[in-house]
$ cat entry.txt   # compact mmCIF, C-alpha atoms
# COMPACT_ATOMS: atom_id res chain seq x y z
CA MET A 1 0.00 0.00 0.00
CA CYS A 2 1.71 3.19 -1.14
CA SER A 3 0.41 6.57 -0.12
CA GLU A 4 0.85 9.17 -2.86
CA ARG A 5 3.20 11.92 -1.76
CA LYS A 6 5.66 14.35 -3.21
CA VAL A 7 9.33 13.53 -3.70
CA ARG A 8 11.18 14.73 -0.60
CA LEU A 9 14.44 16.55 -1.12
CA GLY A 10 17.23 16.68 1.43
CA VAL A 11 19.38 19.67 0.56
CA ILE A 12 22.96 19.97 1.82
CA GLY A 13 25.11 23.05 1.35
CA SER A 14 27.98 25.03 2.78
CA GLY A 15 27.47 28.46 1.23
CA LYS A 16 25.08 31.24 0.53
CA GLY A 17 22.33 28.91 -0.65
CA SER A 18 21.37 30.44 -4.00
CA ASN A 19 20.60 27.05 -5.52
CA PHE A 20 18.62 26.07 -2.46
CA VAL A 21 16.53 29.22 -2.78
CA ALA A 22 15.85 28.45 -6.45
CA LEU A 23 14.77 24.91 -5.53
CA ALA A 24 12.60 26.03 -2.62
CA GLN A 25 10.92 28.68 -4.78
CA ALA A 26 10.30 26.15 -7.55
CA CYS A 27 8.70 23.78 -5.03
CA ARG A 28 6.56 26.56 -3.54
CA GLY A 29 5.57 27.89 -6.95
CA GLY A 30 4.59 24.47 -8.22
CA ASN A 31 7.16 24.35 -11.05
CA LEU A 32 8.90 21.54 -9.21
CA VAL A 33 6.56 18.88 -7.85
CA ALA A 34 8.66 18.10 -4.81
CA GLU A 35 9.19 19.39 -1.31
CA VAL A 36 12.26 20.26 0.70
CA ALA A 37 12.16 17.90 3.66
CA VAL A 38 15.29 19.16 5.41
CA VAL A 39 18.28 21.46 4.88
CA LEU A 40 21.64 20.49 6.37
CA SER A 41 24.87 22.43 6.49
CA ASP A 42 28.41 21.93 7.73
CA VAL A 43 28.73 25.70 8.25
CA ALA A 44 26.82 27.06 11.22
CA GLU A 45 26.57 30.62 9.90
CA SER A 46 25.87 29.68 6.27
CA GLY A 47 23.40 31.58 4.13
CA ILE A 48 21.67 28.34 3.21
CA LEU A 49 20.57 27.77 6.83
CA LYS A 50 19.35 31.36 7.14
CA HIS A 51 17.39 31.04 3.88
CA ALA A 52 15.88 27.76 5.09
CA GLY A 53 14.60 29.63 8.11
CA GLY A 54 13.09 32.23 5.80
CA PHE A 55 11.17 29.48 4.03
CA ASP A 56 10.19 28.03 7.40
CA LEU A 57 11.82 24.74 6.49
CA PRO A 58 13.55 22.37 8.92
CA ALA A 59 17.27 23.15 8.90
CA ARG A 60 20.23 21.95 10.94
CA PHE A 61 23.90 22.60 11.28
CA ILE A 62 25.71 19.29 11.77
CA GLU A 63 29.36 19.31 12.86
CA PRO A 64 31.50 18.00 9.99
CA GLY A 65 34.20 16.60 12.28
CA LYS A 66 37.94 16.93 12.10
CA PHE A 67 38.64 16.95 8.35
CA ARG A 68 38.56 19.92 5.99
CA THR A 69 37.49 18.28 2.73
CA LYS A 70 35.27 15.41 3.89
CA LEU A 71 33.06 14.37 6.78
CA ASP A 72 34.54 12.14 9.44
CA ASP A 73 32.79 8.81 10.08
CA ALA A 74 30.72 10.04 13.01
CA ALA A 75 29.63 13.15 11.11
CA GLU A 76 28.73 11.10 8.06
CA ALA A 77 26.55 8.88 10.23
CA SER A 78 24.85 11.98 11.67
CA TYR A 79 24.09 13.35 8.21
CA VAL A 80 22.69 10.01 7.06
CA ALA A 81 20.57 9.75 10.20
CA ALA A 82 19.17 13.27 9.77
CA LEU A 83 18.31 12.62 6.13
CA ARG A 84 16.64 9.30 6.97
CA GLU A 85 14.75 10.84 9.84
CA ALA A 86 13.40 13.44 7.39
CA ARG A 87 12.49 10.59 5.01
CA VAL A 88 14.24 12.17 2.04
CA ASP A 89 13.96 10.45 -1.34
CA VAL A 90 16.87 12.28 -2.93
CA VAL A 91 19.91 14.08 -1.56
CA VAL A 92 20.52 17.35 -3.39
CA LEU A 93 23.98 18.86 -2.97
CA ALA A 94 23.83 22.61 -3.36
CA GLY A 95 27.25 24.10 -2.83
CA PHE A 96 28.37 21.42 -0.35
CA MET A 97 32.14 21.71 -0.15
CA ARG A 98 33.02 18.24 1.10
CA ILE A 99 33.54 14.94 -0.70
CA LEU A 100 31.06 12.21 0.21
CA LYS A 101 32.42 8.75 0.83
CA GLY A 102 31.06 5.36 -0.08
CA THR A 103 29.24 4.84 3.22
CA PHE A 104 27.16 7.98 2.67
CA LEU A 105 26.53 7.21 -0.99
CA SER A 106 25.51 3.61 -0.31
CA ALA A 107 22.87 4.90 2.13
CA PHE A 108 21.20 6.67 -0.81
CA PRO A 109 22.15 4.59 -3.84
CA GLY A 110 21.60 6.42 -7.11
CA ARG A 111 19.85 9.22 -5.27
CA VAL A 112 22.57 11.81 -4.63
CA ILE A 113 22.73 14.63 -7.13
CA ASN A 114 25.04 17.63 -7.51
CA ILE A 115 25.44 20.71 -9.67
CA HIS A 116 28.91 21.78 -10.77
CA PRO A 117 29.73 25.20 -12.23
CA ALA A 118 31.47 23.99 -15.41
CA LEU A 119 30.79 21.81 -18.42
CA LEU A 120 32.23 18.59 -17.05
CA PRO A 121 34.51 16.81 -17.77
CA SER A 122 36.24 20.18 -18.14
CA PHE A 123 37.25 21.88 -14.91
CA PRO A 124 36.27 19.55 -12.07
CA GLY A 125 37.16 20.63 -8.53
CA LEU A 126 37.27 24.02 -6.89
CA ALA A 127 36.63 27.47 -8.43
CA SER A 128 35.88 25.94 -11.81
CA TRP A 129 34.74 29.30 -13.21
CA LYS A 130 38.22 30.65 -12.46
CA GLN A 131 39.81 27.55 -14.01
CA ALA A 132 37.72 28.15 -17.13
CA LEU A 133 38.67 31.83 -17.32
CA ASP A 134 42.36 31.06 -16.80
CA HIS A 135 42.22 28.39 -19.52
CA GLY A 136 40.73 30.90 -21.94
CA VAL A 137 37.61 28.96 -22.93
CA LYS A 138 34.85 30.93 -24.65
CA VAL A 139 32.05 28.64 -23.53
CA THR A 140 31.63 27.15 -20.08
CA GLY A 141 28.48 26.29 -18.15
CA CYS A 142 27.07 24.06 -15.47
CA THR A 143 26.46 20.34 -15.07
CA VAL A 144 23.94 18.39 -13.01
CA HIS A 145 25.31 14.92 -12.28
CA TRP A 146 24.88 11.90 -10.08
CA VAL A 147 27.43 11.82 -7.29
CA ASP A 148 30.00 9.07 -7.09
CA GLN A 149 33.14 8.80 -5.00
CA GLY A 150 35.23 10.81 -7.47
CA ILE A 151 35.45 14.58 -7.62
CA ASP A 152 32.75 15.65 -10.08
CA THR A 153 33.09 12.41 -12.04
CA GLY A 154 29.56 11.00 -11.71
CA ARG A 155 27.27 10.36 -14.66
CA ILE A 156 26.02 13.54 -16.29
CA ILE A 157 22.28 14.27 -16.22
CA ALA A 158 22.01 17.75 -17.75
CA GLN A 159 24.22 20.62 -18.85
CA GLN A 160 23.73 24.23 -19.79
CA ALA A 161 26.28 26.22 -21.79
CA VAL A 162 27.19 29.73 -20.61
CA PRO A 163 29.25 32.12 -22.75
CA VAL A 164 32.45 33.69 -21.47
CA LEU A 165 32.31 37.36 -22.47
CA GLU A 166 35.15 39.73 -23.20
CA GLY A 167 36.05 41.59 -20.05
CA ASP A 168 34.66 38.88 -17.77
CA THR A 169 36.22 38.62 -14.34
CA ALA A 170 35.99 35.50 -12.21
CA GLU A 171 33.14 37.22 -10.38
CA THR A 172 31.06 38.22 -13.42
CA LEU A 173 31.51 34.80 -14.99
CA HIS A 174 30.64 33.01 -11.75
CA GLU A 175 27.48 35.10 -11.40
CA ARG A 176 26.42 34.27 -14.98
CA ILE A 177 26.99 30.56 -14.35
CA GLN A 178 25.01 30.72 -11.11
CA GLN A 179 22.09 32.31 -12.95
CA ALA A 180 22.10 29.31 -15.28
CA GLU A 181 22.35 26.93 -12.33
CA ARG A 182 19.28 28.42 -10.69
CA VAL A 183 17.27 27.51 -13.79
CA LEU A 184 18.92 24.19 -14.66
CA TYR A 185 18.83 22.56 -11.21
CA PRO A 186 15.07 22.78 -10.50
CA GLN A 187 14.28 21.99 -14.14
CA THR A 188 16.50 18.88 -14.14
CA ILE A 189 15.15 17.54 -10.85
CA GLY A 190 11.65 18.14 -12.20
CA ASP A 191 12.51 16.18 -15.35
CA LEU A 192 13.86 13.27 -13.28
CA ILE A 193 10.63 13.20 -11.27
CA ARG A 194 8.40 13.41 -14.37
CA ARG A 195 10.31 10.52 -15.93
CA GLY A 196 10.00 8.47 -12.76
CA THR A 197 13.78 8.31 -12.26
CA LEU A 198 13.27 9.99 -8.91
CA LYS A 199 10.15 8.97 -7.04
CA PRO A 200 8.80 8.89 -3.51
CA ALA A 201 9.75 5.78 -1.55
CA SER A 202 6.91 3.52 -0.48
CA THR A 203 5.73 4.53 2.95
CA MET B 1 55.88 50.18 -49.39
CA CYS B 2 53.04 47.78 -48.74
CA SER B 3 50.58 46.88 -51.42
CA GLU B 4 47.07 46.30 -50.06
CA ARG B 5 45.99 42.75 -50.60
CA LYS B 6 43.71 40.17 -49.02
CA VAL B 7 44.90 37.78 -46.32
CA ARG B 8 46.01 34.61 -48.08
CA LEU B 9 44.91 31.30 -46.53
CA GLY B 10 46.80 28.06 -46.96
CA VAL B 11 44.34 25.27 -46.20
CA ILE B 12 45.54 21.78 -45.30
CA GLY B 13 43.23 18.81 -44.87
CA SER B 14 43.00 15.05 -45.10
CA GLY B 15 39.28 14.48 -45.47
CA LYS B 16 36.14 15.40 -47.27
CA GLY B 17 36.80 19.11 -47.05
CA SER B 18 33.53 20.43 -45.61
CA ASN B 19 35.29 23.17 -43.65
CA PHE B 20 37.35 24.08 -46.70
CA VAL B 21 34.18 24.45 -48.76
CA ALA B 22 32.66 26.71 -46.10
CA LEU B 23 35.80 28.87 -46.09
CA ALA B 24 36.03 29.03 -49.88
CA GLN B 25 32.35 29.97 -50.15
CA ALA B 26 32.75 32.67 -47.49
CA CYS B 27 35.73 34.10 -49.42
CA ARG B 28 33.84 34.01 -52.71
CA GLY B 29 30.70 35.46 -51.21
CA GLY B 30 32.57 38.28 -49.52
CA ASN B 31 31.66 37.32 -45.96
CA LEU B 32 35.32 36.51 -45.33
CA VAL B 33 37.72 39.12 -46.69
CA ALA B 34 40.46 36.65 -47.53
CA GLU B 35 41.42 34.32 -50.33
CA VAL B 36 42.44 30.70 -50.45
CA ALA B 37 45.97 30.75 -51.87
CA VAL B 38 46.55 27.01 -51.91
CA VAL B 39 45.02 23.74 -50.70
CA LEU B 40 47.32 20.91 -49.62
CA SER B 41 46.48 17.36 -48.63
CA ASP B 42 48.31 14.27 -47.45
CA VAL B 43 45.60 12.09 -49.02
CA ALA B 44 45.72 11.92 -52.80
CA GLU B 45 42.06 10.98 -53.22
CA SER B 46 40.70 13.31 -50.58
CA GLY B 47 37.49 15.23 -51.02
CA ILE B 48 39.23 18.46 -50.10
CA LEU B 49 41.45 18.27 -53.22
CA LYS B 50 38.45 17.50 -55.40
CA HIS B 51 36.51 20.43 -53.95
CA ALA B 52 39.52 22.71 -54.49
CA GLY B 53 39.40 21.77 -58.15
CA GLY B 54 35.73 22.65 -58.19
CA PHE B 55 36.57 26.12 -56.91
CA ASP B 56 39.39 26.33 -59.47
CA LEU B 57 41.91 26.86 -56.68
CA PRO B 58 45.51 25.64 -56.68
CA ALA B 59 45.63 22.28 -54.90
CA ARG B 60 48.33 19.69 -54.35
CA PHE B 61 48.77 16.29 -52.84
CA ILE B 62 52.09 16.16 -51.00
CA GLU B 63 53.43 12.80 -49.81
CA PRO B 64 53.37 12.74 -46.00
CA GLY B 65 56.29 10.33 -45.69
CA LYS B 66 56.73 7.24 -43.63
CA PHE B 67 54.82 8.05 -40.44
CA ARG B 68 51.10 7.65 -39.78
CA THR B 69 50.43 10.47 -37.35
CA LYS B 70 52.92 13.15 -38.40
CA LEU B 71 54.88 14.34 -41.40
CA ASP B 72 58.46 13.16 -41.76
CA ASP B 73 61.14 15.85 -42.00
CA ALA B 74 61.31 15.88 -45.79
CA ALA B 75 57.52 16.05 -46.10
CA GLU B 76 57.34 18.84 -43.57
CA ALA B 77 59.87 20.81 -45.60
CA SER B 78 57.78 20.22 -48.74
CA TYR B 79 54.62 21.49 -47.06
CA VAL B 80 56.42 24.59 -45.74
CA ALA B 81 57.91 25.27 -49.20
CA ALA B 82 54.54 24.94 -50.92
CA LEU B 83 52.88 27.28 -48.42
CA ARG B 84 55.68 29.84 -48.75
CA GLU B 85 55.58 29.60 -52.52
CA ALA B 86 51.87 30.41 -52.36
CA ARG B 87 52.71 33.35 -50.05
CA VAL B 88 50.17 32.31 -47.44
CA ASP B 89 49.64 34.56 -44.42
CA VAL B 90 47.91 31.98 -42.29
CA VAL B 91 47.83 28.19 -42.29
CA VAL B 92 44.31 26.88 -41.78
CA LEU B 93 44.03 23.26 -40.72
CA ALA B 94 40.75 21.78 -41.89
CA GLY B 95 40.55 18.14 -40.95
CA PHE B 96 44.29 17.55 -41.21
CA MET B 97 44.96 14.29 -39.40
CA ARG B 98 48.65 14.71 -38.58
CA ILE B 99 50.44 16.46 -35.73
CA LEU B 100 52.63 19.38 -36.79
CA LYS B 101 56.08 19.62 -35.26
CA GLY B 102 58.04 22.61 -34.08
CA THR B 103 59.88 23.10 -37.38
CA PHE B 104 56.60 23.55 -39.26
CA LEU B 105 55.10 25.76 -36.57
CA SER B 106 58.19 27.98 -36.34
CA ALA B 107 57.92 28.61 -40.09
CA PHE B 108 54.51 30.25 -39.45
CA PRO B 109 54.76 31.56 -35.90
CA GLY B 110 51.37 32.40 -34.40
CA ARG B 111 49.74 31.84 -37.77
CA VAL B 112 48.55 28.22 -37.70
CA ILE B 113 44.93 27.73 -36.76
CA ASN B 114 42.78 24.64 -36.29
CA ILE B 115 39.18 23.72 -35.57
CA HIS B 116 38.44 20.82 -33.23
CA PRO B 117 35.04 19.13 -32.93
CA ALA B 118 34.64 19.45 -29.15
CA LEU B 119 34.62 22.11 -26.46
CA LEU B 120 38.27 21.90 -25.53
CA PRO B 121 39.82 21.15 -23.08
CA SER B 122 37.25 18.33 -23.08
CA PHE B 123 37.84 15.56 -25.59
CA PRO B 124 41.07 16.35 -27.41
CA GLY B 125 42.31 13.84 -29.96
CA LEU B 126 40.49 11.59 -32.37
CA ALA B 127 36.72 11.11 -32.83
CA SER B 128 35.95 13.66 -30.15
CA TRP B 129 32.23 13.55 -30.95
CA LYS B 130 32.28 9.85 -30.09
CA GLN B 131 34.27 10.54 -26.92
CA ALA B 132 31.64 13.12 -25.95
CA LEU B 133 28.76 10.74 -26.63
CA ASP B 134 30.45 7.91 -24.72
CA HIS B 135 31.09 10.23 -21.78
CA GLY B 136 27.42 11.18 -21.70
CA VAL B 137 27.80 14.96 -21.95
CA LYS B 138 24.68 16.93 -22.89
CA VAL B 139 26.56 19.85 -24.43
CA THR B 140 29.57 19.59 -26.70
CA GLY B 141 30.66 21.83 -29.56
CA CYS B 142 33.64 23.01 -31.53
CA THR B 143 36.74 25.05 -30.82
CA VAL B 144 38.92 27.23 -33.05
CA HIS B 145 42.41 27.43 -31.57
CA TRP B 146 45.98 28.34 -32.36
CA VAL B 147 48.09 25.28 -33.03
CA ASP B 148 50.98 24.40 -30.76
CA GLN B 149 52.98 21.19 -30.49
CA GLY B 150 50.46 19.50 -28.22
CA ILE B 151 47.36 17.65 -29.36
CA ASP B 152 44.58 20.26 -29.39
CA THR B 153 46.21 22.20 -26.56
CA GLY B 154 46.80 25.58 -28.23
CA ARG B 155 45.24 28.82 -27.04
CA ILE B 156 41.49 28.97 -27.67
CA ILE B 157 40.17 31.64 -30.03
CA ALA B 158 36.45 30.84 -30.31
CA GLN B 159 33.98 28.14 -29.31
CA GLN B 160 30.44 27.21 -30.18
CA ALA B 161 28.26 24.99 -28.01
CA VAL B 162 26.26 22.21 -29.68
CA PRO B 163 23.58 20.24 -27.82
CA VAL B 164 23.67 16.45 -27.61
CA LEU B 165 20.13 15.26 -28.28
CA GLU B 166 18.38 12.14 -27.05
CA GLY B 167 18.81 9.41 -29.61
CA ASP B 168 21.96 10.93 -31.08
CA THR B 169 24.36 8.52 -32.69
CA ALA B 170 28.02 9.34 -33.29
CA GLU B 171 27.03 10.21 -36.85
CA THR B 172 24.12 12.54 -36.08
CA LEU B 173 26.12 14.32 -33.39
CA HIS B 174 29.16 14.65 -35.65
CA GLU B 175 27.01 16.11 -38.41
CA ARG B 176 25.49 18.68 -36.01
CA ILE B 177 28.97 19.69 -34.80
CA GLN B 178 30.19 20.01 -38.38
CA GLN B 179 27.29 22.32 -39.19
CA ALA B 180 28.43 24.55 -36.34
CA GLU B 181 32.05 24.35 -37.55
CA ARG B 182 31.09 25.54 -41.01
CA VAL B 183 29.71 28.72 -39.44
CA LEU B 184 32.28 29.24 -36.69
CA TYR B 185 35.46 28.78 -38.72
CA PRO B 186 34.88 31.45 -41.42
CA GLN B 187 33.38 33.79 -38.82
CA THR B 188 36.36 33.43 -36.47
CA ILE B 189 38.96 33.90 -39.20
CA GLY B 190 37.01 36.95 -40.35
CA ASP B 191 37.05 38.34 -36.79
CA LEU B 192 40.82 37.81 -36.53
CA ILE B 193 41.31 39.70 -39.81
CA ARG B 194 38.99 42.55 -38.78
CA ARG B 195 40.87 42.90 -35.49
CA GLY B 196 44.21 42.92 -37.31
CA THR B 197 45.40 39.77 -35.54
CA LEU B 198 45.74 38.15 -38.95
CA LYS B 199 46.94 40.44 -41.72
CA PRO B 200 48.65 40.26 -45.07
CA ALA B 201 52.44 40.20 -44.89
CA SER B 202 54.23 43.16 -46.46
CA THR B 203 55.05 42.40 -50.05
$ encode --input "entry.txt" --output "structure tokens"
Amino acid sequence: MCSERKVRLGVIGSGKGSNFVALAQACRGGNLVAEVAVVLSDVAESGILKHAGGFDLPARFIEPGKFRTKLDDAAEASYVAALREARVDVVVLAGFMRILKGTFLSAFPGRVINIHPALLPSFPGLASWKQALDHGVKVTGCTVHWVDQGIDTGRIIAQQAVPVLEGDTAETLHERIQQAERVLYPQTIGDLIRRGTLKPAST
Amino acid sequence: MCSERKVRLGVIGSGKGSNFVALAQACRGGNLVAEVAVVLSDVAESGILKHAGGFDLPARFIEPGKFRTKLDDAAEASYVAALREARVDVVVLAGFMRILKGTFLSAFPGRVINIHPALLPSFPGLASWKQALDHGVKVTGCTVHWVDQGIDTGRIIAQQAVPVLEGDTAETLHERIQQAERVLYPQTIGDLIRRGTLKPAST
């Protein structure tokens, strides 16, 4: 016996939360038939947690532990527990600055999604808009992909090209890419739900 | 004393010559203020040489020598001599399937240009449309770049994004990229001439 319900998103981020806001607005506005079940962050003072409060959505800071670029085992277990407790169907990374390990990923197999500010496989890793500018490309963009244990190596779901303009700085280019992200991420998650790739778990 | 004359292109290719045809048509039609001074190929029966005949342009097969992926020293000297004899201002690679070495490049410093069927730095090398499809990207494209001694590593001049569509095969994707190339290559060379980056040598 399955009760019909919306796909529940668990959003995790470390930063200002612009992609989270786009997702939350798309859910509220009905463009994305899903709901944000919980927002988690490894940064206590992050914008994403403040924005979650503004949307009156459950949000928690969870200590990341002793490492800088990943969660330690105890922290990983806490994140998994919080996501399970919120009964999330899909984990949506939105500017989360830590690598997820196999134990986390195996808790949500095929259900962890990320957006990266470049046209992967070009420019994985940090500050990819700056990498793109330094390389001299004329087209960059953003990529929604499934998360695997590599750094931005998971299977690609959707991409949007973004032009590099003459006179662009890292900041102007980053802003233009983020504008594209705020459209592509809700649209792509919506497509995955419409196609039945992402669906509510049986309850 | 300089006499005003058009920029003279030396086009080198190994294949069917679709980019050459686009360039020759743009020169004839006046969209590209340049002229094709000579067409060279390492493949005697190549389409590019046949098309050159159709445009009534000077065209030559020059033996590439004993290697498969580059010119041998004697062949390289023959190519350089033919291009100099035709007084070319810029060497335009159009589907030329051999790596050029430093001796060739130093004969035309900063004046050898190539188009590659991918959004570099993604997918350098052979059959890049197939690489892109196999990787699962949703956006690929083409790149006009200066040629250096690496494989598709030279400084990028212009890029055009091309979508990968559901149901694309290597062939349909390649054809869509080539359509974009036939626009981007003449346009980019025209821009370089208008900006004075490429100009006729003093005579």
$ interface_residues --input "entry.txt" --of "chain B" --to "chain A" --cutoff "12 Å" --atoms "only C-alpha atoms" --output "number ranges by chain"
B: 118-124, 131-146, 153-166
$ write_last_selection --input "entry.txt" --atoms "C-alpha atoms" --output "PDB file, keeping the file's coordinate frame"
ATOM      1  CA  ALA B 118      34.640  19.450 -29.150  1.00  0.00           C
ATOM      2  CA  LEU B 119      34.620  22.110 -26.460  1.00  0.00           C
ATOM      3  CA  LEU B 120      38.270  21.900 -25.530  1.00  0.00           C
ATOM      4  CA  PRO B 121      39.820  21.150 -23.080  1.00  0.00           C
ATOM      5  CA  SER B 122      37.250  18.330 -23.080  1.00  0.00           C
ATOM      6  CA  PHE B 123      37.840  15.560 -25.590  1.00  0.00           C
ATOM      7  CA  PRO B 124      41.070  16.350 -27.410  1.00  0.00           C
ATOM      8  CA  GLN B 131      34.270  10.540 -26.920  1.00  0.00           C
ATOM      9  CA  ALA B 132      31.640  13.120 -25.950  1.00  0.00           C
ATOM     10  CA  LEU B 133      28.760  10.740 -26.630  1.00  0.00           C
ATOM     11  CA  ASP B 134      30.450   7.910 -24.720  1.00  0.00           C
ATOM     12  CA  HIS B 135      31.090  10.230 -21.780  1.00  0.00           C
ATOM     13  CA  GLY B 136      27.420  11.180 -21.700  1.00  0.00           C
ATOM     14  CA  VAL B 137      27.800  14.960 -21.950  1.00  0.00           C
ATOM     15  CA  LYS B 138      24.680  16.930 -22.890  1.00  0.00           C
ATOM     16  CA  VAL B 139      26.560  19.850 -24.430  1.00  0.00           C
ATOM     17  CA  THR B 140      29.570  19.590 -26.700  1.00  0.00           C
ATOM     18  CA  GLY B 141      30.660  21.830 -29.560  1.00  0.00           C
ATOM     19  CA  CYS B 142      33.640  23.010 -31.530  1.00  0.00           C
ATOM     20  CA  THR B 143      36.740  25.050 -30.820  1.00  0.00           C
ATOM     21  CA  VAL B 144      38.920  27.230 -33.050  1.00  0.00           C
ATOM     22  CA  HIS B 145      42.410  27.430 -31.570  1.00  0.00           C
ATOM     23  CA  TRP B 146      45.980  28.340 -32.360  1.00  0.00           C
ATOM     24  CA  THR B 153      46.210  22.200 -26.560  1.00  0.00           C
ATOM     25  CA  GLY B 154      46.800  25.580 -28.230  1.00  0.00           C
ATOM     26  CA  ARG B 155      45.240  28.820 -27.040  1.00  0.00           C
ATOM     27  CA  ILE B 156      41.490  28.970 -27.670  1.00  0.00           C
ATOM     28  CA  ILE B 157      40.170  31.640 -30.030  1.00  0.00           C
ATOM     29  CA  ALA B 158      36.450  30.840 -30.310  1.00  0.00           C
ATOM     30  CA  GLN B 159      33.980  28.140 -29.310  1.00  0.00           C
ATOM     31  CA  GLN B 160      30.440  27.210 -30.180  1.00  0.00           C
ATOM     32  CA  ALA B 161      28.260  24.990 -28.010  1.00  0.00           C
ATOM     33  CA  VAL B 162      26.260  22.210 -29.680  1.00  0.00           C
ATOM     34  CA  PRO B 163      23.580  20.240 -27.820  1.00  0.00           C
ATOM     35  CA  VAL B 164      23.670  16.450 -27.610  1.00  0.00           C
ATOM     36  CA  LEU B 165      20.130  15.260 -28.280  1.00  0.00           C
ATOM     37  CA  GLU B 166      18.380  12.140 -27.050  1.00  0.00           C
TER      38      GLU B 166
END
$ atom_distance --input "entry.txt" --atom1 "CA of Arg98 (chain B)" --atom2 "CA of Ala127 (chain B)"
13.7 Å
$ residues_around --input "entry.txt" --residues "region 49-64 of chain B" --least-positions-apart "6" --cutoff "8 Å" --atoms "all atoms listed in the file" --output "short mmCIF file (atom, residue, chain, number, x, y, z; two decimals) with C-alpha atoms, in the frame of the given file"
data_model
loop_
_atom_site.label_atom_id
_atom_site.label_comp_id
_atom_site.auth_asym_id
_atom_site.auth_seq_id
_atom_site.Cartn_x
_atom_site.Cartn_y
_atom_site.Cartn_z
CA GLY B 17 36.80 19.11 -47.05
CA VAL B 21 34.18 24.45 -48.76
CA ALA B 24 36.03 29.03 -49.88
CA VAL B 36 42.44 30.70 -50.45
CA ALA B 37 45.97 30.75 -51.87
CA VAL B 38 46.55 27.01 -51.91
CA VAL B 39 45.02 23.74 -50.70
CA LEU B 40 47.32 20.91 -49.62
CA SER B 41 46.48 17.36 -48.63
CA ASP B 42 48.31 14.27 -47.45
CA VAL B 43 45.60 12.09 -49.02
CA LYS B 70 52.92 13.15 -38.40
CA LEU B 71 54.88 14.34 -41.40
CA ASP B 72 58.46 13.16 -41.76
CA ALA B 75 57.52 16.05 -46.10
CA GLU B 76 57.34 18.84 -43.57
CA SER B 78 57.78 20.22 -48.74
CA TYR B 79 54.62 21.49 -47.06
#
$ closest_residue --input "entry.txt" --among "A:Thr172, A:Pro186, A:Ser128, A:Phe96" --to "Gly29 (chain A)" --atoms "all atoms listed in the file"
A:Pro186
$ residues_around --input "entry.txt" --residues "Val90 (chain B)" --least-positions-apart "5" --cutoff "9 Å" --atoms "only C-alpha atoms" --output "list in words"
Val7, Arg8, Leu9, Gly10, Val11, Phe108, Gly110, Arg111, Val112, Ile113, Leu198, Lys199 and Pro200 of chain B
$ closest_residue --input "entry.txt" --among "B:Ala170, B:Ala26, B:Lys66, B:Ser14" --to "Ala44 (chain B)" --atoms "all atoms listed in the file"
B:Ser14
$ closest_residue --input "entry.txt" --among "B:Asp168, B:Glu181, B:Asp148, B:Glu45" --to "Leu105 (chain B)" --atoms "all atoms listed in the file"
B:Asp148
$ closest_residue --input "entry.txt" --among "B:Asp73, B:Glu175, B:Asp191, B:Asp152" --to "Phe104 (chain B)" --atoms "only C-alpha atoms"
B:Asp73
$ closest_residue --input "entry.txt" --among "A:Trp129, A:Ala74, A:Val33, A:Ile189" --to "Glu171 (chain A)" --atoms "all atoms listed in the file"
A:Trp129
$ residues_around --input "entry.txt" --residues "Gln179 (chain A)" --least-positions-apart "2" --cutoff "10 Å" --atoms "only C-alpha atoms" --output "ChimeraX atom specification"
/A:18-19,22,142,162,173-177,181-184
